[in-house]
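Containing mmCIF, C-alpha atoms; chains and numbers go by the auth columns: my_file-v5.cif.
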```cif
data_my_file
#
loop_
_atom_site.group_PDB
_atom_site.id
_atom_site.type_symbol
_atom_site.label_atom_id
_atom_site.label_comp_id
_atom_site.label_asym_id
_atom_site.label_seq_id
_atom_site.Cartn_x
_atom_site.Cartn_y
_atom_site.Cartn_z
_atom_site.B_iso_or_equiv
_atom_site.auth_seq_id
_atom_site.auth_asym_id
ATOM 1 C CA MET A 1 33.862 -36.783 -74.096 0.00 1 D
ATOM 2 C CA ALA A 2 32.219 -34.461 -71.626 0.00 2 D
ATOM 3 C CA ALA A 3 31.412 -35.837 -68.189 0.00 3 D
ATOM 4 C CA GLU A 4 27.739 -36.529 -67.558 0.00 4 D
ATOM 5 C CA SER A 5 26.220 -37.236 -64.150 0.00 5 D
ATOM 6 C CA PHE A 6 22.928 -38.920 -63.288 0.00 6 D
ATOM 7 C CA ASN A 7 21.105 -40.665 -60.434 0.00 7 D
ATOM 8 C CA LEU A 8 20.690 -44.439 -60.321 0.00 8 D
ATOM 9 C CA PHE A 9 19.260 -46.327 -57.339 0.00 9 D
ATOM 10 C CA GLY A 10 19.803 -43.323 -55.077 0.00 10 D
ATOM 11 C CA LYS A 11 23.458 -42.967 -56.064 0.00 11 D
ATOM 12 C CA ARG A 12 24.932 -40.004 -57.899 0.00 12 D
ATOM 13 C CA LEU A 13 27.037 -41.369 -60.758 0.00 13 D
ATOM 14 C CA LEU A 14 29.369 -39.705 -63.215 0.00 14 D
ATOM 15 C CA LEU A 15 30.286 -41.095 -66.617 0.00 15 D
ATOM 16 C CA LYS A 16 33.601 -39.771 -67.919 0.00 16 D
ATOM 17 C CA GLU A 17 36.076 -41.175 -70.436 0.00 17 D
ATOM 18 C CA HIS A 18 34.600 -44.705 -70.295 0.00 18 D
ATOM 19 C CA PHE A 19 34.737 -44.863 -66.486 0.00 19 D
ATOM 20 C CA LEU A 20 31.824 -44.823 -64.069 0.00 20 D
ATOM 21 C CA TYR A 21 32.287 -42.918 -60.797 0.00 21 D
ATOM 22 C CA GLU A 22 30.101 -42.747 -57.678 0.00 22 D
ATOM 23 C CA LYS A 23 29.822 -39.535 -55.693 0.00 23 D
ATOM 24 C CA ILE A 24 31.034 -40.289 -52.163 0.00 24 D
ATOM 25 C CA GLY A 25 30.893 -36.847 -50.576 0.00 25 D
ATOM 26 C CA VAL A 26 31.750 -33.176 -50.733 0.00 26 D
ATOM 27 C CA GLU A 27 34.823 -31.536 -49.197 0.00 27 D
ATOM 28 C CA VAL A 28 34.493 -28.454 -46.996 0.00 28 D
ATOM 29 C CA ASN A 29 35.532 -26.218 -49.908 0.00 29 D
ATOM 30 C CA GLY A 30 32.692 -27.631 -52.035 0.00 30 D
ATOM 31 C CA THR A 31 34.806 -29.968 -54.181 0.00 31 D
ATOM 32 C CA GLU A 32 32.859 -33.131 -55.006 0.00 32 D
ATOM 33 C CA LEU A 33 34.570 -36.435 -54.222 0.00 33 D
ATOM 34 C CA TRP A 34 34.109 -39.308 -56.673 0.00 34 D
ATOM 35 C CA ASN A 35 35.160 -42.958 -56.386 0.00 35 D
ATOM 36 C CA VAL A 36 35.731 -45.051 -59.518 0.00 36 D
ATOM 37 C CA GLN A 37 33.317 -47.951 -59.789 0.00 37 D
ATOM 38 C CA ASN A 38 33.950 -51.508 -60.907 0.00 38 D
ATOM 39 C CA VAL A 39 36.014 -51.210 -64.086 0.00 39 D
ATOM 40 C CA ASP A 40 34.446 -54.411 -65.389 0.00 40 D
ATOM 41 C CA VAL A 41 31.197 -52.585 -66.104 0.00 41 D
ATOM 42 C CA HIS A 42 30.112 -52.319 -69.717 0.00 42 D
ATOM 43 C CA TYR A 43 27.772 -49.575 -70.801 0.00 43 D
ATOM 44 C CA TRP A 44 26.227 -48.200 -73.949 0.00 44 D
ATOM 45 C CA LYS A 45 23.578 -45.745 -75.032 0.00 45 D
ATOM 46 C CA HIS A 46 20.487 -46.425 -77.072 0.00 46 D
ATOM 47 C CA LYS A 47 18.257 -43.855 -78.748 0.00 47 D
ATOM 48 C CA VAL A 48 14.553 -44.673 -78.946 0.00 48 D
ATOM 49 C CA ILE A 49 13.206 -44.831 -82.512 0.00 49 D
ATOM 50 C CA ALA A 50 9.619 -45.220 -83.733 0.00 50 D
ATOM 51 C CA SER A 51 9.880 -48.953 -84.436 0.00 51 D
ATOM 52 C CA ILE A 52 10.778 -49.587 -80.779 0.00 52 D
ATOM 53 C CA LEU A 53 7.550 -47.925 -79.669 0.00 53 D
ATOM 54 C CA ASP A 54 5.596 -50.005 -82.203 0.00 54 D
ATOM 55 C CA GLY A 55 6.964 -53.211 -80.677 0.00 55 D
ATOM 56 C CA ASN A 56 8.831 -54.121 -83.866 0.00 56 D
ATOM 57 C CA ASN A 57 12.322 -53.923 -82.445 0.00 57 D
ATOM 58 C CA VAL A 58 14.528 -55.798 -80.000 0.00 58 D
ATOM 59 C CA LEU A 59 17.413 -54.470 -77.923 0.00 59 D
ATOM 60 C CA HIS A 60 20.735 -55.524 -79.417 0.00 60 D
ATOM 61 C CA PHE A 61 23.790 -55.779 -77.207 0.00 61 D
ATOM 62 C CA PRO A 62 26.829 -54.029 -78.664 0.00 62 D
ATOM 63 C CA ARG A 63 29.332 -56.542 -80.006 0.00 63 D
ATOM 64 C CA ARG A 64 31.941 -55.580 -77.373 0.00 64 D
ATOM 65 C CA VAL A 65 29.416 -56.333 -74.600 0.00 65 D
ATOM 66 C CA ALA A 66 28.394 -59.653 -76.151 0.00 66 D
ATOM 67 C CA GLU A 67 32.010 -60.698 -76.640 0.00 67 D
ATOM 68 C CA ASN A 68 33.486 -59.477 -73.354 0.00 68 D
ATOM 69 C CA CYS A 69 30.650 -59.859 -70.912 0.00 69 D
ATOM 70 C CA LEU A 70 27.765 -62.134 -71.861 0.00 70 D
ATOM 71 C CA TYR A 71 28.015 -65.895 -71.639 0.00 71 D
ATOM 72 C CA ILE A 72 27.983 -67.751 -74.957 0.00 72 D
ATOM 73 C CA ASN A 73 24.945 -69.777 -73.911 0.00 73 D
ATOM 74 C CA GLN A 74 23.219 -67.056 -71.864 0.00 74 D
ATOM 75 C CA SER A 75 19.443 -67.172 -72.291 0.00 75 D
ATOM 76 C CA LYS A 76 18.158 -64.888 -69.473 0.00 76 D
ATOM 77 C CA ILE A 77 19.028 -61.555 -67.903 0.00 77 D
ATOM 78 C CA LEU A 78 17.216 -59.228 -65.505 0.00 78 D
ATOM 79 C CA LEU A 79 16.688 -55.665 -66.711 0.00 79 D
ATOM 80 C CA PHE A 80 16.361 -53.080 -63.915 0.00 80 D
ATOM 81 C CA ASP A 81 15.079 -49.534 -64.312 0.00 81 D
ATOM 82 C CA GLU A 82 16.313 -46.578 -62.236 0.00 82 D
ATOM 83 C CA ASP A 83 13.557 -47.198 -59.661 0.00 83 D
ATOM 84 C CA GLY A 84 14.668 -50.791 -59.078 0.00 84 D
ATOM 85 C CA LYS A 85 11.809 -52.471 -60.951 0.00 85 D
ATOM 86 C CA SER A 86 12.964 -55.622 -62.718 0.00 86 D
ATOM 87 C CA TYR A 87 11.971 -57.113 -66.057 0.00 87 D
ATOM 88 C CA ASP A 88 12.719 -60.769 -66.821 0.00 88 D
ATOM 89 C CA CYS A 89 14.267 -60.800 -70.292 0.00 89 D
ATOM 90 C CA ASP A 90 15.151 -63.534 -72.748 0.00 90 D
ATOM 91 C CA VAL A 91 18.581 -63.266 -74.361 0.00 91 D
ATOM 92 C CA HIS A 92 18.727 -64.544 -77.928 0.00 92 D
ATOM 93 C CA THR A 93 21.714 -65.294 -80.147 0.00 93 D
ATOM 94 C CA THR A 94 21.464 -64.826 -83.895 0.00 94 D
ATOM 95 C CA SER A 95 22.069 -67.812 -86.133 0.00 95 D
ATOM 96 C CA LYS A 96 24.803 -65.880 -87.962 0.00 96 D
ATOM 97 C CA ASN A 97 27.188 -65.204 -85.074 0.00 97 D
ATOM 98 C CA MET A 98 27.404 -66.319 -81.443 0.00 98 D
ATOM 99 C CA HIS A 99 28.391 -62.766 -80.461 0.00 99 D
ATOM 100 C CA GLN A 100 25.274 -61.138 -81.940 0.00 100 D
ATOM 101 C CA LYS A 101 22.878 -61.100 -79.010 0.00 101 D
ATOM 102 C CA TYR A 102 19.675 -59.272 -78.247 0.00 102 D
ATOM 103 C CA ILE A 103 16.893 -59.038 -75.691 0.00 103 D
ATOM 104 C CA GLY A 104 13.415 -59.980 -76.776 0.00 104 D
ATOM 105 C CA ARG A 105 10.741 -60.560 -74.133 0.00 105 D
ATOM 106 C CA GLY A 106 10.951 -58.084 -71.278 0.00 106 D
ATOM 107 C CA TRP A 107 12.423 -55.241 -73.319 0.00 107 D
ATOM 108 C CA TYR A 108 9.090 -54.173 -74.784 0.00 108 D
ATOM 109 C CA ASN A 109 7.445 -54.260 -71.326 0.00 109 D
ATOM 110 C CA PHE A 110 10.148 -51.857 -70.146 0.00 110 D
ATOM 111 C CA VAL A 111 9.490 -49.565 -73.124 0.00 111 D
ATOM 112 C CA LEU A 112 5.741 -49.481 -72.444 0.00 112 D
ATOM 113 C CA GLU A 113 5.984 -48.943 -68.697 0.00 113 D
ATOM 114 C CA LYS A 114 8.596 -46.175 -68.981 0.00 114 D
ATOM 115 C CA ASP A 115 6.381 -44.299 -71.483 0.00 115 D
ATOM 116 C CA LEU A 116 9.365 -43.679 -73.726 0.00 116 D
ATOM 117 C CA LYS A 117 9.241 -41.226 -76.592 0.00 117 D
ATOM 118 C CA VAL A 118 11.084 -41.116 -79.909 0.00 118 D
ATOM 119 C CA GLY A 119 14.453 -39.481 -79.284 0.00 119 D
ATOM 120 C CA ASP A 120 14.775 -40.526 -75.619 0.00 120 D
ATOM 121 C CA VAL A 121 18.281 -41.722 -74.757 0.00 121 D
ATOM 122 C CA ILE A 122 18.778 -44.703 -72.458 0.00 122 D
ATOM 123 C CA LEU A 123 22.036 -45.582 -70.715 0.00 123 D
ATOM 124 C CA PHE A 124 22.537 -49.327 -70.242 0.00 124 D
ATOM 125 C CA THR A 125 25.104 -50.822 -67.880 0.00 125 D
ATOM 126 C CA VAL A 126 25.884 -54.492 -67.365 0.00 126 D
ATOM 127 C CA ASN A 127 28.322 -55.997 -64.890 0.00 127 D
ATOM 128 C CA ASN A 128 30.577 -58.919 -65.530 0.00 128 D
ATOM 129 C CA PRO A 129 29.349 -61.574 -64.651 0.00 129 D
ATOM 130 C CA PRO A 130 26.242 -60.590 -66.590 0.00 130 D
ATOM 131 C CA ASN A 131 23.215 -61.447 -64.490 0.00 131 D
ATOM 132 C CA GLN A 132 21.696 -57.969 -64.535 0.00 132 D
ATOM 133 C CA VAL A 133 21.486 -55.030 -66.905 0.00 133 D
ATOM 134 C CA TYR A 134 20.509 -51.551 -65.702 0.00 134 D
ATOM 135 C CA ALA A 135 18.631 -49.033 -67.830 0.00 135 D
ATOM 136 C CA THR A 136 18.338 -45.338 -67.048 0.00 136 D
ATOM 137 C CA VAL A 137 16.627 -42.752 -69.245 0.00 137 D
ATOM 138 C CA VAL A 138 19.234 -39.990 -69.353 0.00 138 D
ATOM 139 C CA ASN A 139 18.338 -37.951 -72.441 0.00 139 D
ATOM 140 C CA TRP A 140 21.833 -36.646 -73.040 0.00 140 D
ATOM 141 C CA ASP A 141 24.218 -37.498 -75.818 0.00 141 D
ATOM 142 C CA TRP A 142 27.880 -38.336 -76.034 0.00 142 D
ATOM 143 C CA ASP A 143 29.952 -39.107 -79.086 0.00 143 D
ATOM 144 C CA TRP A 144 30.957 -42.756 -78.516 0.00 144 D
ATOM 145 C CA ASP A 145 29.297 -46.160 -78.624 0.00 145 D
#
```

Rewrite the structure from the file as structure tokens, please.
Amino acid sequence: MAAESFNLFGKRLLLKEHFLYEKIGVEVNGTELWNVQNVDVHYWKHKVIASILDGNNVLHFPRRVAENCLYINQSKILLFDEDGKSYDCDVHTTSKNMHQKYIGRGWYNFVLEKDLKVGDVILFTVNNPPNQVYATVVNWDWDWD
């Protein structure tokens, strides 16, 4: 996987080989210094499709996030965009499996306010414990989920 960097809440972050790094400075010779972030951060990408823009889609958490991070009975989470605006979201669990979770209310408000387009790529990160999820429109691809 190629390293990809982006800004989030005024921090320069780098995503490389499933680790999230924060830029902490630059040496005199121009070498950038990066510090590994909390390793208990789960992240995933999501590509915007037409049904999302029509309001006919929810945001599913990847199974590994639902199993390793979200509480079994979790019903709320705050979604933050890259500008720090928050969206109060309901977390739902499917009747089939307690580890199949998705966001309903709040997700569509985010989609509308960010003026997303089909094909946009969003990077989601959630810390453990899972009280907040961060969403950043990055519009770059990588080959893992």

### Query
Do you know which residues the PyMOL selection byres ((chain D and resi 68-72) around 9) returns on this file, as a PyMOL selection string?
chain D and resi 40-42+63-67+73-75+93+98-99+101+126-131

### Task
Name all residues at most 10 Å from stretch 103-110 of chain D (count all atoms listed in the file; drop same-chain ones fewer than 4 positions away) and give them as a ChimeraX atom specification.
/D:52-61,75-81,85-93,114-116,135

### D:Val121 surroundings by all atoms listed in the file, 9 Å radius, close-in-sequence under 5 positions cut, as a list of chain:residue names
D:Lys45, D:His46, D:Lys47, D:Val48, D:Thr136, D:Val137, D:Val138, D:Asn139, D:Trp140, D:Asp141

### Query
Any idea what the distance is between atom CA of D:Gln100 and atom CA of D:Leu123?
19.5 Å

### Message
So the first atom is atom CA of D:Val133 and the second is atom CA of D:Asp120; what is the distance between them in Å, to one decimal place?
### Response
18.2 Å

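Note that the spacing between atom CA of D:Trp44 and atom CA of D:Asn97 amounts to 20.3 Å.
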
### Distance criterion (all atoms listed in the file): nearest to D:Asp83 out of D:Glu113, D:Val118, D:Ser95, D:Ser51
D:Glu113

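Closest approach to D:Gln132 among D:Thr94, D:Val111, D:Lys117, D:Gly84: D:Gly84, based on all atoms listed in the file.
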